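Printed here is query.cif (mmCIF, C-alpha atoms):
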data_my_file
#
loop_
_atom_site.group_PDB
_atom_site.id
_atom_site.type_symbol
_atom_site.label_atom_id
_atom_site.label_comp_id
_atom_site.auth_asym_id
_atom_site.auth_seq_id
_atom_site.Cartn_x
_atom_site.Cartn_y
_atom_site.Cartn_z
ATOM 1 C CA MET A 1267 -47.406 46.028 -10.326
ATOM 2 C CA ILE A 1268 -44.917 48.512 -11.804
ATOM 3 C CA ALA A 1269 -42.994 49.837 -8.814
ATOM 4 C CA SER A 1270 -39.946 51.489 -10.352
ATOM 5 C CA SER A 1271 -41.454 54.984 -9.852
ATOM 6 C CA ASN A 1272 -40.344 57.782 -12.172
ATOM 7 C CA GLN A 1273 -37.289 59.102 -10.377
ATOM 8 C CA ASN A 1274 -34.560 56.853 -11.783
ATOM 9 C CA CYS A 1275 -33.349 58.811 -14.837
ATOM 10 C CA PRO A 1276 -31.633 62.167 -14.259
ATOM 11 C CA VAL A 1277 -32.800 64.948 -16.553
ATOM 12 C CA ARG A 1278 -30.411 67.508 -18.021
ATOM 13 C CA PRO A 1279 -31.186 70.361 -20.405
ATOM 14 C CA SER A 1280 -30.204 69.664 -24.007
ATOM 15 C CA PHE A 1281 -27.540 72.389 -23.987
ATOM 16 C CA SER A 1282 -25.565 70.434 -21.375
ATOM 17 C CA ALA A 1283 -23.967 68.702 -24.377
ATOM 18 C CA LEU A 1284 -22.417 72.057 -25.370
ATOM 19 C CA LEU A 1285 -20.270 72.348 -22.237
ATOM 20 C CA PRO A 1286 -16.521 72.018 -22.834
ATOM 21 C CA PRO A 1287 -15.304 68.422 -22.475
ATOM 22 C CA GLU A 1288 -12.838 69.384 -19.740
ATOM 23 C CA VAL A 1289 -15.718 70.402 -17.460
ATOM 24 C CA ARG A 1290 -16.903 67.439 -15.438
ATOM 25 C CA GLN A 1291 -20.676 66.978 -15.355
ATOM 26 C CA ILE A 1292 -22.499 64.881 -12.765
ATOM 27 C CA ASP A 1293 -26.100 64.557 -11.627
ATOM 28 C CA ALA A 1294 -27.379 65.106 -8.103
ATOM 29 C CA SER A 1295 -27.722 61.350 -7.635
ATOM 30 C CA ALA A 1296 -23.969 60.902 -8.226
ATOM 31 C CA TYR A 1297 -22.850 63.518 -5.687
ATOM 32 C CA ARG A 1298 -21.312 62.168 -2.482
ATOM 33 C CA ASN A 1299 -19.139 64.920 -1.016
ATOM 34 C CA ALA A 1300 -16.905 67.825 -1.982
ATOM 35 C CA SER A 1301 -13.712 65.763 -1.800
ATOM 36 C CA GLY A 1302 -14.979 63.533 -4.595
ATOM 37 C CA LEU A 1303 -14.923 66.417 -7.075
ATOM 38 C CA ASP A 1304 -12.056 67.917 -9.054
ATOM 39 C CA SER A 1305 -10.436 70.981 -7.512
ATOM 40 C CA GLY A 1306 -11.872 74.280 -8.655
ATOM 41 C CA ALA A 1307 -15.184 76.104 -8.516
ATOM 42 C CA VAL A 1308 -18.506 74.304 -8.861
ATOM 43 C CA LEU A 1309 -21.714 75.318 -10.595
ATOM 44 C CA VAL A 1310 -24.849 73.750 -9.104
ATOM 45 C CA VAL A 1311 -27.835 73.977 -11.439
ATOM 46 C CA GLY A 1312 -31.212 73.798 -9.701
ATOM 47 C CA SER A 1313 -32.275 75.208 -6.336
ATOM 48 C CA ALA A 1314 -34.782 72.714 -5.000
ATOM 49 C CA GLN A 1315 -33.982 70.223 -2.245
ATOM 50 C CA SER A 1316 -30.939 68.523 -3.787
ATOM 51 C CA GLY A 1317 -29.466 71.682 -5.273
ATOM 52 C CA GLY A 1318 -29.760 73.651 -2.062
ATOM 53 C CA GLN A 1319 -28.314 70.907 0.134
ATOM 54 C CA ILE A 1320 -25.433 70.198 -2.245
ATOM 55 C CA ALA A 1321 -24.611 73.909 -2.595
ATOM 56 C CA GLU A 1322 -24.469 74.273 1.183
ATOM 57 C CA ASP A 1323 -22.344 71.145 1.592
ATOM 58 C CA LEU A 1324 -19.856 72.479 -0.949
ATOM 59 C CA ALA A 1325 -19.766 75.934 0.617
ATOM 60 C CA GLN A 1326 -19.124 74.479 4.071
ATOM 61 C CA ALA A 1327 -16.257 72.479 2.569
ATOM 62 C CA GLY A 1328 -14.667 75.721 1.429
ATOM 63 C CA ARG A 1329 -15.445 75.401 -2.262
ATOM 64 C CA THR A 1330 -16.350 78.318 -4.516
ATOM 65 C CA VAL A 1331 -19.973 77.695 -5.466
ATOM 66 C CA PHE A 1332 -22.244 79.215 -8.083
ATOM 67 C CA LEU A 1333 -25.942 78.318 -7.853
ATOM 68 C CA ALA A 1334 -28.274 78.639 -10.836
ATOM 69 C CA THR A 1335 -31.707 79.030 -9.288
ATOM 70 C CA SER A 1336 -35.237 78.341 -10.439
ATOM 71 C CA ARG A 1337 -38.787 79.185 -9.421
ATOM 72 C CA VAL A 1338 -39.280 76.678 -6.614
ATOM 73 C CA GLY A 1339 -40.906 76.753 -3.200
ATOM 74 C CA ARG A 1340 -39.240 76.416 0.166
ATOM 75 C CA LEU A 1341 -40.096 74.965 3.579
ATOM 76 C CA PRO A 1342 -38.659 75.636 7.035
ATOM 77 C CA ARG A 1343 -37.346 72.539 8.773
ATOM 78 C CA THR A 1344 -39.231 73.189 12.005
ATOM 79 C CA TYR A 1345 -42.089 75.481 12.943
ATOM 80 C CA ARG A 1346 -43.850 76.179 16.213
ATOM 81 C CA GLY A 1347 -42.210 73.334 18.086
ATOM 82 C CA ARG A 1348 -42.559 70.549 15.513
ATOM 83 C CA HIS A 1349 -40.883 69.261 12.377
ATOM 84 C CA ILE A 1350 -42.589 70.813 9.373
ATOM 85 C CA SER A 1351 -43.547 67.358 8.043
ATOM 86 C CA VAL A 1352 -45.620 66.708 11.161
ATOM 87 C CA TRP A 1353 -47.589 69.914 10.604
ATOM 88 C CA LEU A 1354 -48.048 69.116 6.910
ATOM 89 C CA VAL A 1355 -49.603 65.768 7.833
ATOM 90 C CA LEU A 1356 -51.779 67.031 10.695
ATOM 91 C CA SER A 1357 -53.061 70.085 8.857
ATOM 92 C CA GLY A 1358 -54.045 68.128 5.749
ATOM 93 C CA LEU A 1359 -51.709 70.050 3.448
ATOM 94 C CA LEU A 1360 -50.402 66.730 2.115
ATOM 95 C CA ASP A 1361 -53.942 65.560 1.339
ATOM 96 C CA VAL A 1362 -54.414 68.008 -1.535
ATOM 97 C CA THR A 1363 -55.366 65.859 -4.523
ATOM 98 C CA ARG A 1364 -53.586 65.566 -7.839
ATOM 99 C CA LYS A 1365 -56.640 67.041 -9.542
ATOM 100 C CA GLU A 1366 -56.616 70.106 -7.298
ATOM 101 C CA ILE A 1367 -52.895 70.608 -7.934
ATOM 102 C CA LEU A 1368 -53.282 70.332 -11.712
ATOM 103 C CA GLU A 1369 -56.104 72.877 -11.648
ATOM 104 C CA GLN A 1370 -53.527 75.418 -10.441
ATOM 105 C CA GLY A 1371 -51.023 74.636 -13.204
ATOM 106 C CA PRO A 1372 -48.183 72.159 -13.819
ATOM 107 C CA ILE A 1373 -47.212 69.938 -10.901
ATOM 108 C CA PRO A 1374 -44.454 71.770 -8.993
ATOM 109 C CA GLY A 1375 -41.156 70.276 -7.971
ATOM 110 C CA ARG A 1376 -40.466 69.352 -4.388
ATOM 111 C CA PRO A 1377 -39.513 72.474 -2.406
ATOM 112 C CA LEU A 1378 -36.132 73.467 -1.035
ATOM 113 C CA GLN A 1379 -35.775 71.966 2.432
ATOM 114 C CA GLY A 1380 -32.767 71.318 4.638
ATOM 115 C CA ALA A 1381 -32.155 67.938 6.240
ATOM 116 C CA LEU A 1382 -31.005 69.296 9.607
ATOM 117 C CA HIS A 1383 -31.962 72.958 9.476
ATOM 118 C CA THR A 1384 -33.727 75.445 7.246
ATOM 119 C CA ILE A 1385 -31.947 76.272 4.005
ATOM 120 C CA SER A 1386 -32.905 79.342 2.001
ATOM 121 C CA LEU A 1387 -31.360 81.049 -0.990
ATOM 122 C CA GLN A 1388 -30.468 83.959 1.249
ATOM 123 C CA SER A 1389 -28.800 81.714 3.834
ATOM 124 C CA LEU A 1390 -26.769 80.135 1.040
ATOM 125 C CA SER A 1391 -25.747 83.554 -0.209
ATOM 126 C CA ALA A 1392 -24.600 84.453 3.322
ATOM 127 C CA GLN A 1393 -22.313 81.415 3.222
ATOM 128 C CA GLY A 1394 -20.644 82.696 0.060
ATOM 129 C CA VAL A 1395 -22.695 80.886 -2.567
ATOM 130 C CA VAL A 1396 -23.059 83.087 -5.646
ATOM 131 C CA VAL A 1397 -26.803 83.025 -6.305
ATOM 132 C CA LEU A 1398 -27.656 83.410 -9.993
ATOM 133 C CA GLY A 1399 -30.812 83.406 -12.041
ATOM 134 C CA ARG A 1400 -31.923 80.541 -14.253
ATOM 135 C CA LEU A 1401 -29.314 78.976 -16.541
ATOM 136 C CA THR A 1402 -30.577 79.682 -20.047
ATOM 137 C CA GLY A 1403 -27.843 78.519 -22.401
ATOM 138 C CA VAL A 1404 -24.252 77.632 -23.256
ATOM 139 C CA ASP A 1405 -22.190 79.164 -26.041
ATOM 140 C CA ASP A 1406 -18.481 78.516 -26.586
ATOM 141 C CA GLY A 1407 -17.613 78.067 -22.939
ATOM 142 C CA ARG A 1408 -19.826 80.888 -21.715
ATOM 143 C CA LEU A 1409 -23.016 80.373 -19.720
ATOM 144 C CA SER A 1410 -25.959 82.744 -19.868
ATOM 145 C CA PHE A 1411 -28.389 83.388 -17.020
ATOM 146 C CA SER A 1412 -31.636 85.229 -16.497
ATOM 147 C CA ASP A 1413 -31.790 88.086 -13.996
ATOM 148 C CA GLU A 1414 -34.455 86.324 -11.900
ATOM 149 C CA ALA A 1415 -32.380 85.570 -8.788
ATOM 150 C CA GLU A 1416 -34.179 88.164 -6.677
ATOM 151 C CA ALA A 1417 -37.566 86.981 -7.946
ATOM 152 C CA HIS A 1418 -36.666 83.382 -7.096
ATOM 153 C CA VAL A 1419 -35.697 84.371 -3.549
ATOM 154 C CA ARG A 1420 -39.013 86.187 -3.196
ATOM 155 C CA HIS A 1421 -41.013 83.266 -4.621
ATOM 156 C CA ALA A 1422 -39.416 80.825 -2.164
ATOM 157 C CA ASP A 1423 -40.058 83.193 0.752
ATOM 158 C CA GLU A 1424 -43.696 83.586 -0.260
ATOM 159 C CA GLY A 1425 -44.129 79.811 -0.437
ATOM 160 C CA SER A 1426 -42.728 79.365 3.059
ATOM 161 C CA ALA A 1427 -44.875 82.190 4.427
ATOM 162 C CA ARG A 1428 -47.993 80.688 2.842
ATOM 163 C CA VAL A 1429 -47.388 77.267 4.405
ATOM 164 C CA ARG A 1430 -46.669 78.796 7.821
ATOM 165 C CA SER A 1431 -49.877 80.825 7.603
ATOM 166 C CA GLN A 1432 -51.903 77.704 6.776
ATOM 167 C CA ILE A 1433 -50.365 75.918 9.754
ATOM 168 C CA ASP A 1434 -51.185 78.909 11.974
ATOM 169 C CA ASP A 1435 -54.806 78.713 10.828
ATOM 170 C CA TYR A 1436 -54.929 74.987 11.573
ATOM 171 C CA ILE A 1437 -53.502 75.533 15.063
ATOM 172 C CA ALA A 1438 -56.009 78.309 15.771
ATOM 173 C CA ARG A 1439 -59.025 76.367 14.465
ATOM 174 C CA ASN A 1440 -58.191 73.343 16.562
ATOM 175 C CA ARG A 1441 -57.058 75.322 19.624
ATOM 176 C CA ILE A 1442 -53.756 73.478 19.719
ATOM 177 C CA ASP A 1443 -51.321 74.459 22.446
ATOM 178 C CA ALA A 1444 -48.261 75.153 20.315
ATOM 179 C CA PRO A 1445 -45.323 77.488 20.961
ATOM 180 C CA GLU A 1446 -45.404 80.876 19.318
ATOM 181 C CA ALA A 1447 -43.512 81.184 16.042
ATOM 182 C CA GLU A 1448 -39.882 82.222 16.402
ATOM 183 C CA PRO A 1449 -37.775 83.905 13.719
ATOM 184 C CA ASP A 1450 -35.725 81.419 11.690
ATOM 185 C CA PRO A 1451 -32.225 82.824 10.956
ATOM 186 C CA ALA A 1452 -32.263 81.247 7.499
ATOM 187 C CA GLU A 1453 -35.427 83.160 6.662
ATOM 188 C CA THR A 1454 -34.697 86.512 8.300
ATOM 189 C CA ILE A 1455 -31.180 86.984 6.927
ATOM 190 C CA GLU A 1456 -30.830 89.347 3.971
ATOM 191 C CA ALA A 1457 -29.954 87.905 0.579
ATOM 192 C CA ARG A 1458 -26.533 88.851 -0.753
ATOM 193 C CA LEU A 1459 -27.057 88.833 -4.490
ATOM 194 C CA PRO A 1460 -24.650 90.026 -7.172
ATOM 195 C CA ASN A 1461 -25.361 93.643 -8.083
ATOM 196 C CA PRO A 1462 -25.752 94.071 -10.967
ATOM 197 C CA PRO A 1463 -27.031 90.527 -11.627
ATOM 198 C CA ILE A 1464 -24.562 88.211 -13.350
ATOM 199 C CA ARG A 1465 -25.949 87.440 -16.778
ATOM 200 C CA SER A 1466 -22.936 85.644 -18.271
ATOM 201 C CA ILE A 1467 -20.062 83.536 -16.948
ATOM 202 C CA ASP A 1468 -16.923 82.316 -18.657
ATOM 203 C CA LEU A 1469 -16.292 78.851 -17.221
ATOM 204 C CA ALA A 1470 -12.531 78.977 -17.601
ATOM 205 C CA ALA A 1471 -12.193 82.525 -16.261
ATOM 206 C CA ARG A 1472 -14.212 81.640 -13.157
ATOM 207 C CA GLY A 1473 -12.315 78.390 -12.628
ATOM 208 C CA ILE A 1474 -15.453 76.247 -12.818
ATOM 209 C CA THR A 1475 -14.366 72.639 -13.276
ATOM 210 C CA THR A 1476 -17.571 70.827 -12.275
ATOM 211 C CA VAL A 1477 -21.243 71.272 -13.064
ATOM 212 C CA ILE A 1478 -23.753 69.402 -10.898
ATOM 213 C CA TRP A 1479 -27.164 69.009 -12.498
ATOM 214 C CA CYS A 1480 -29.965 69.118 -9.922
ATOM 215 C CA THR A 1481 -32.622 69.438 -12.601
ATOM 216 C CA GLY A 1482 -34.948 66.591 -11.751
ATOM 217 C CA PHE A 1483 -35.601 63.029 -12.784
ATOM 218 C CA THR A 1484 -37.919 61.057 -14.989
ATOM 219 C CA GLY A 1485 -38.734 57.371 -15.230
ATOM 220 C CA ASP A 1486 -37.359 54.649 -17.459
ATOM 221 C CA PHE A 1487 -40.356 52.529 -18.420
ATOM 222 C CA GLY A 1488 -38.911 51.244 -21.681
ATOM 223 C CA TRP A 1489 -38.991 47.716 -20.319
ATOM 224 C CA VAL A 1490 -42.792 47.792 -19.949
ATOM 225 C CA ARG A 1491 -44.298 45.780 -22.796
ATOM 226 C CA VAL A 1492 -47.986 46.227 -21.963
ATOM 227 C CA PRO A 1493 -49.744 48.231 -24.703
ATOM 228 C CA ASP A 1494 -51.562 51.470 -23.881
ATOM 229 C CA VAL A 1495 -50.108 52.048 -20.413
ATOM 230 C CA LEU A 1496 -47.511 54.671 -21.434
ATOM 231 C CA ASP A 1497 -47.963 58.045 -23.089
ATOM 232 C CA PRO A 1498 -46.025 59.153 -26.209
ATOM 233 C CA HIS A 1499 -43.169 60.265 -23.946
ATOM 234 C CA GLY A 1500 -42.901 56.821 -22.370
ATOM 235 C CA GLN A 1501 -44.424 57.903 -19.055
ATOM 236 C CA PRO A 1502 -47.338 56.255 -17.170
ATOM 237 C CA LEU A 1503 -50.933 56.778 -18.187
ATOM 238 C CA HIS A 1504 -52.834 56.390 -14.945
ATOM 239 C CA GLU A 1505 -55.474 57.671 -12.601
ATOM 240 C CA ASN A 1506 -54.625 57.415 -8.905
ATOM 241 C CA GLY A 1507 -51.854 54.964 -9.801
ATOM 242 C CA PHE A 1508 -54.223 52.683 -11.720
ATOM 243 C CA ALA A 1509 -53.097 52.185 -15.303
ATOM 244 C CA SER A 1510 -55.493 52.545 -18.222
ATOM 245 C CA VAL A 1511 -55.212 48.764 -18.665
ATOM 246 C CA PRO A 1512 -57.200 46.967 -15.915
ATOM 247 C CA GLY A 1513 -55.037 45.049 -13.462
ATOM 248 C CA VAL A 1514 -51.884 47.119 -14.058
ATOM 249 C CA TYR A 1515 -50.754 49.452 -11.291
ATOM 250 C CA PHE A 1516 -48.022 52.072 -10.874
ATOM 251 C CA ALA A 1517 -46.634 52.390 -7.344
ATOM 252 C CA GLY A 1518 -44.646 55.240 -5.855
ATOM 253 C CA LEU A 1519 -45.365 57.936 -8.446
ATOM 254 C CA PRO A 1520 -45.043 61.487 -7.075
ATOM 255 C CA PHE A 1521 -48.403 63.268 -6.860
ATOM 256 C CA ALA A 1522 -50.174 60.140 -8.148
ATOM 257 C CA ILE A 1523 -53.143 60.669 -5.828
ATOM 258 C CA THR A 1524 -52.253 63.439 -3.396
ATOM 259 C CA ARG A 1525 -49.339 65.676 -2.513
ATOM 260 C CA ARG A 1526 -47.978 62.953 -0.227
ATOM 261 C CA SER A 1527 -47.760 60.412 -3.067
ATOM 262 C CA GLY A 1528 -44.223 59.375 -3.838
ATOM 263 C CA THR A 1529 -43.150 59.700 -0.196
ATOM 264 C CA ILE A 1530 -42.961 57.116 2.560
ATOM 265 C CA LEU A 1531 -46.056 58.706 4.118
ATOM 266 C CA ALA A 1532 -48.231 57.392 1.283
ATOM 267 C CA ILE A 1533 -47.095 53.763 1.162
ATOM 268 C CA ALA A 1534 -49.645 52.147 3.489
ATOM 269 C CA GLU A 1535 -52.659 54.049 2.140
ATOM 270 C CA GLU A 1536 -51.864 53.566 -1.552
ATOM 271 C CA ALA A 1537 -50.830 49.928 -1.125
ATOM 272 C CA ALA A 1538 -54.220 49.267 0.496
ATOM 273 C CA LEU A 1539 -56.019 50.713 -2.535
ATOM 274 C CA VAL A 1540 -54.138 48.366 -4.852
ATOM 275 C CA ALA A 1541 -54.703 45.374 -2.563
ATOM 276 C CA ASP A 1542 -58.451 46.097 -2.414
ATOM 277 C CA ASP A 1543 -58.673 46.298 -6.197
ATOM 278 C CA ILE A 1544 -56.770 43.030 -6.619
ATOM 279 C CA GLN A 1545 -59.087 41.348 -4.102
ATOM 280 C CA ARG A 1546 -62.172 42.573 -5.980
ATOM 281 C CA ARG A 1547 -60.774 41.198 -9.218
ATOM 282 C CA LEU A 1548 -60.001 37.833 -7.639
ATOM 283 C CA VAL A 1549 -63.534 37.618 -6.251
ATOM 284 C CA ARG A 1550 -64.998 38.325 -9.688
ATOM 285 C CA ILE A 1551 -62.710 35.746 -11.290
ATOM 286 C CA ALA A 1552 -63.653 33.158 -8.689
ATOM 287 C CA SER A 1553 -67.361 33.819 -9.161
ATOM 288 C CA ASP A 1554 -67.017 33.047 -12.861
ATOM 289 C CA LEU A 1555 -65.383 29.668 -12.249
ATOM 290 C CA PRO A 1556 -67.555 26.540 -12.594
ATOM 291 C CA ILE A 1557 -68.517 24.809 -9.350
ATOM 292 C CA GLN A 1558 -66.450 21.629 -8.863
#
Rewrite the structure from the file as structure tokens, please.
Amino acid sequence: MIASSNQNCPVRPSFSALLPPEVRQIDASAYRNASGLDSGAVLVVGSAQSGGQIAEDLAQAGRTVFLATSRVGRLPRTYRGRHISVWLVLSGLLDVTRKEILEQGPIPGRPLQGALHTISLQSLSAQGVVVLGRLTGVDDGRLSFSDEAEAHVRHADEGSARVRSQIDDYIARNRIDAPEAEPDPAETIEARLPNPPIRSIDLAARGITTVIWCTGFTGDFGWVRVPDVLDPHGQPLHENGFASVPGVYFAGLPFAITRRSGTILAIAEEAALVADDIQRRLVRIASDLPIQ
């Protein structure tokens, strides 16, 4: 059983090495609070769950925050009287299979979601966070950005609206007595985006002393010495968590079987699949043993 998952190695873009040495760089996993950072402005790169929550935490601590966004979905924290996770489970939205997801394109990152309340790009902008497009490069202390900030806000809004509509359909089909939907301030507030869009930033001129990379993780499987279980990039070769080599299993991989894979909601179900396979193998082994 290989149970280290694939979320233990932070990923940074290659041009992170071009940032000036005086700018402190940390990954989302190393962030604790605003007081642990150097004084000055902060650039958060990545607008999924970690990036959004860290940007808000910094803004509420009074820091000047720039947020480089990306094309990522978003979820409200609650909807029609229940936590969004409850609706995702009940409605079957977490049961979408890996195959179905891949048929629609690359596996998406986890969406932007607040721990205690809904977080949106527009709600962050209302708190003073400077919402930028995608960070595209670094050159001699200057950062370049795309002009996609507005498109990223729209994409996140559309993702939230799509999920809410699917939940509405589930409630209607099953005649569930649920409260009517109420406007969420984080979703109804207008985005306050730079106009014209900021396409370039001088780190020193803006006083940016820290860059926090919220750009995802990958797995370190270099310690695995079983042939033919890793691809050329050192990542698991598997189907539903079962490695290509019989009797080798990968546990806890995101989207390994369904959308819920890689979360605590999938542990019991996926562990049972592995246990059943091990039991079948033990039975076959025992049947091949000579009778004593």
Residue IDs satisfying the PyMOL selection byres ((chain A and resi 1523) around 6), as a VMD selection string
chain A and resid 1363 to 1364 1506 1521 to 1522 1524
Residues selected by the PyMOL selection byres ((chain A and resi 1517) around 12), written as an mmCIF file with C-alpha atoms, keeping the file's coordinate frame:
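Done, and the output landed in selection.cif:
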data_model
loop_
_atom_site.group_PDB
_atom_site.id
_atom_site.type_symbol
_atom_site.label_atom_id
_atom_site.label_comp_id
_atom_site.auth_asym_id
_atom_site.auth_seq_id
_atom_site.Cartn_x
_atom_site.Cartn_y
_atom_site.Cartn_z
ATOM 1 C CA MET A 1267 -47.406 46.028 -10.326
ATOM 2 C CA ILE A 1268 -44.917 48.512 -11.804
ATOM 3 C CA ALA A 1269 -42.994 49.837 -8.814
ATOM 4 C CA SER A 1270 -39.946 51.489 -10.352
ATOM 5 C CA SER A 1271 -41.454 54.984 -9.852
ATOM 6 C CA ASN A 1272 -40.344 57.782 -12.172
ATOM 7 C CA GLN A 1273 -37.289 59.102 -10.377
ATOM 8 C CA PRO A 1502 -47.338 56.255 -17.170
ATOM 9 C CA HIS A 1504 -52.834 56.390 -14.945
ATOM 10 C CA GLU A 1505 -55.474 57.671 -12.601
ATOM 11 C CA ASN A 1506 -54.625 57.415 -8.905
ATOM 12 C CA GLY A 1507 -51.854 54.964 -9.801
ATOM 13 C CA PHE A 1508 -54.223 52.683 -11.720
ATOM 14 C CA ALA A 1509 -53.097 52.185 -15.303
ATOM 15 C CA VAL A 1514 -51.884 47.119 -14.058
ATOM 16 C CA TYR A 1515 -50.754 49.452 -11.291
ATOM 17 C CA PHE A 1516 -48.022 52.072 -10.874
ATOM 18 C CA GLY A 1518 -44.646 55.240 -5.855
ATOM 19 C CA LEU A 1519 -45.365 57.936 -8.446
ATOM 20 C CA PRO A 1520 -45.043 61.487 -7.075
ATOM 21 C CA PHE A 1521 -48.403 63.268 -6.860
ATOM 22 C CA ALA A 1522 -50.174 60.140 -8.148
ATOM 23 C CA ILE A 1523 -53.143 60.669 -5.828
ATOM 24 C CA SER A 1527 -47.760 60.412 -3.067
ATOM 25 C CA GLY A 1528 -44.223 59.375 -3.838
ATOM 26 C CA THR A 1529 -43.150 59.700 -0.196
ATOM 27 C CA ILE A 1530 -42.961 57.116 2.560
ATOM 28 C CA ALA A 1532 -48.231 57.392 1.283
ATOM 29 C CA ILE A 1533 -47.095 53.763 1.162
ATOM 30 C CA ALA A 1534 -49.645 52.147 3.489
ATOM 31 C CA GLU A 1535 -52.659 54.049 2.140
ATOM 32 C CA GLU A 1536 -51.864 53.566 -1.552
ATOM 33 C CA ALA A 1537 -50.830 49.928 -1.125
ATOM 34 C CA ALA A 1538 -54.220 49.267 0.496
ATOM 35 C CA LEU A 1539 -56.019 50.713 -2.535
ATOM 36 C CA VAL A 1540 -54.138 48.366 -4.852
ATOM 37 C CA ALA A 1541 -54.703 45.374 -2.563
#
CA of Pro1463 (chain A) to CA of Glu1416 (chain A) measures 9.0 Å
Gly1375 (chain A) proximity check over A:Gly1513, A:Gly1312, A:Pro1498, A:Gly1358, using all atoms listed in the file: winner is A:Gly1312
*On this file, the PyMOL selection byres ((chain A and resi 1301) around 12) gives some set of residues; write that set as a PyMOL selection string.*
chain A and resi 1297-1300+1302-1306+1323-1324+1326-1329
Can I get the selected residues back with C-alpha atoms, as a short mmCIF file (atom, residue, chain, number, x, y, z; two decimals), in the coordinates of the input?
data_model
loop_
_atom_site.label_atom_id
_atom_site.label_comp_id
_atom_site.auth_asym_id
_atom_site.auth_seq_id
_atom_site.Cartn_x
_atom_site.Cartn_y
_atom_site.Cartn_z
CA TYR A 1297 -22.85 63.52 -5.69
CA ARG A 1298 -21.31 62.17 -2.48
CA ASN A 1299 -19.14 64.92 -1.02
CA ALA A 1300 -16.90 67.82 -1.98
CA GLY A 1302 -14.98 63.53 -4.60
CA LEU A 1303 -14.92 66.42 -7.08
CA ASP A 1304 -12.06 67.92 -9.05
CA SER A 1305 -10.44 70.98 -7.51
CA GLY A 1306 -11.87 74.28 -8.65
CA ASP A 1323 -22.34 71.14 1.59
CA LEU A 1324 -19.86 72.48 -0.95
CA GLN A 1326 -19.12 74.48 4.07
CA ALA A 1327 -16.26 72.48 2.57
CA GLY A 1328 -14.67 75.72 1.43
CA ARG A 1329 -15.44 75.40 -2.26
#
query = Pick the closest to Ala1447 (chain A) from A:Val1355, A:Ala1417, A:Arg1376, A:Tyr1345: which is it, counting all atoms listed in the file?
reply =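 For Ala1447 (chain A), the nearest of the given residues is A:Tyr1345.
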Taking (-26.2, 91.9, -9.9) in the file's coordinates as the center, which residues reach within 10 Å of it, counting all atoms listed in the file, put as an mmCIF file with C-alpha atoms, in the coordinates of the input?
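Writing done, so here's part_8.cif:
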data_model
loop_
_atom_site.group_PDB
_atom_site.id
_atom_site.type_symbol
_atom_site.label_atom_id
_atom_site.label_comp_id
_atom_site.auth_asym_id
_atom_site.auth_seq_id
_atom_site.Cartn_x
_atom_site.Cartn_y
_atom_site.Cartn_z
ATOM 1 C CA VAL A 1397 -26.803 83.025 -6.305
ATOM 2 C CA LEU A 1398 -27.656 83.410 -9.993
ATOM 3 C CA GLY A 1399 -30.812 83.406 -12.041
ATOM 4 C CA ASP A 1413 -31.790 88.086 -13.996
ATOM 5 C CA ALA A 1415 -32.380 85.570 -8.788
ATOM 6 C CA GLU A 1416 -34.179 88.164 -6.677
ATOM 7 C CA ARG A 1458 -26.533 88.851 -0.753
ATOM 8 C CA LEU A 1459 -27.057 88.833 -4.490
ATOM 9 C CA PRO A 1460 -24.650 90.026 -7.172
ATOM 10 C CA ASN A 1461 -25.361 93.643 -8.083
ATOM 11 C CA PRO A 1462 -25.752 94.071 -10.967
ATOM 12 C CA PRO A 1463 -27.031 90.527 -11.627
ATOM 13 C CA ILE A 1464 -24.562 88.211 -13.350
ATOM 14 C CA ARG A 1465 -25.949 87.440 -16.778
#
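Coordinates place CA of Gly1317 (chain A) at a distance of 8.3 Å from CA of Ile1478 (chain A).
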Dump C-alpha atoms of region 1511-1533 of chain A from the given block, as a short mmCIF file (atom, residue, chain, number, x, y, z; two decimals), in the first residue's frame.
data_model
loop_
_atom_site.label_atom_id
_atom_site.label_comp_id
_atom_site.auth_asym_id
_atom_site.auth_seq_id
_atom_site.Cartn_x
_atom_site.Cartn_y
_atom_site.Cartn_z
CA VAL A 1511 1.51 -4.18 -10.87
CA PRO A 1512 -0.92 -6.60 -9.14
CA GLY A 1513 -1.00 -6.26 -5.37
CA VAL A 1514 0.24 -2.65 -5.30
CA TYR A 1515 -2.25 0.05 -4.34
CA PHE A 1516 -2.22 3.86 -4.18
CA ALA A 1517 -4.38 5.36 -1.43
CA GLY A 1518 -5.65 8.91 -1.12
CA LEU A 1519 -5.04 10.11 -4.68
CA PRO A 1520 -7.31 13.00 -5.72
CA PHE A 1521 -9.84 11.97 -8.37
CA ALA A 1522 -8.52 8.39 -8.28
CA ILE A 1523 -12.01 6.92 -8.69
CA THR A 1524 -14.52 9.74 -8.32
CA ARG A 1525 -14.61 13.43 -7.54
CA ARG A 1526 -14.65 12.63 -3.82
CA SER A 1527 -11.36 10.71 -4.01
CA GLY A 1528 -8.59 12.34 -2.04
CA THR A 1529 -11.01 13.64 0.60
CA ILE A 1530 -12.05 12.17 3.92
CA LEU A 1531 -15.42 11.30 2.36
CA ALA A 1532 -13.80 8.60 0.22
CA ILE A 1533 -11.74 6.78 2.85
#
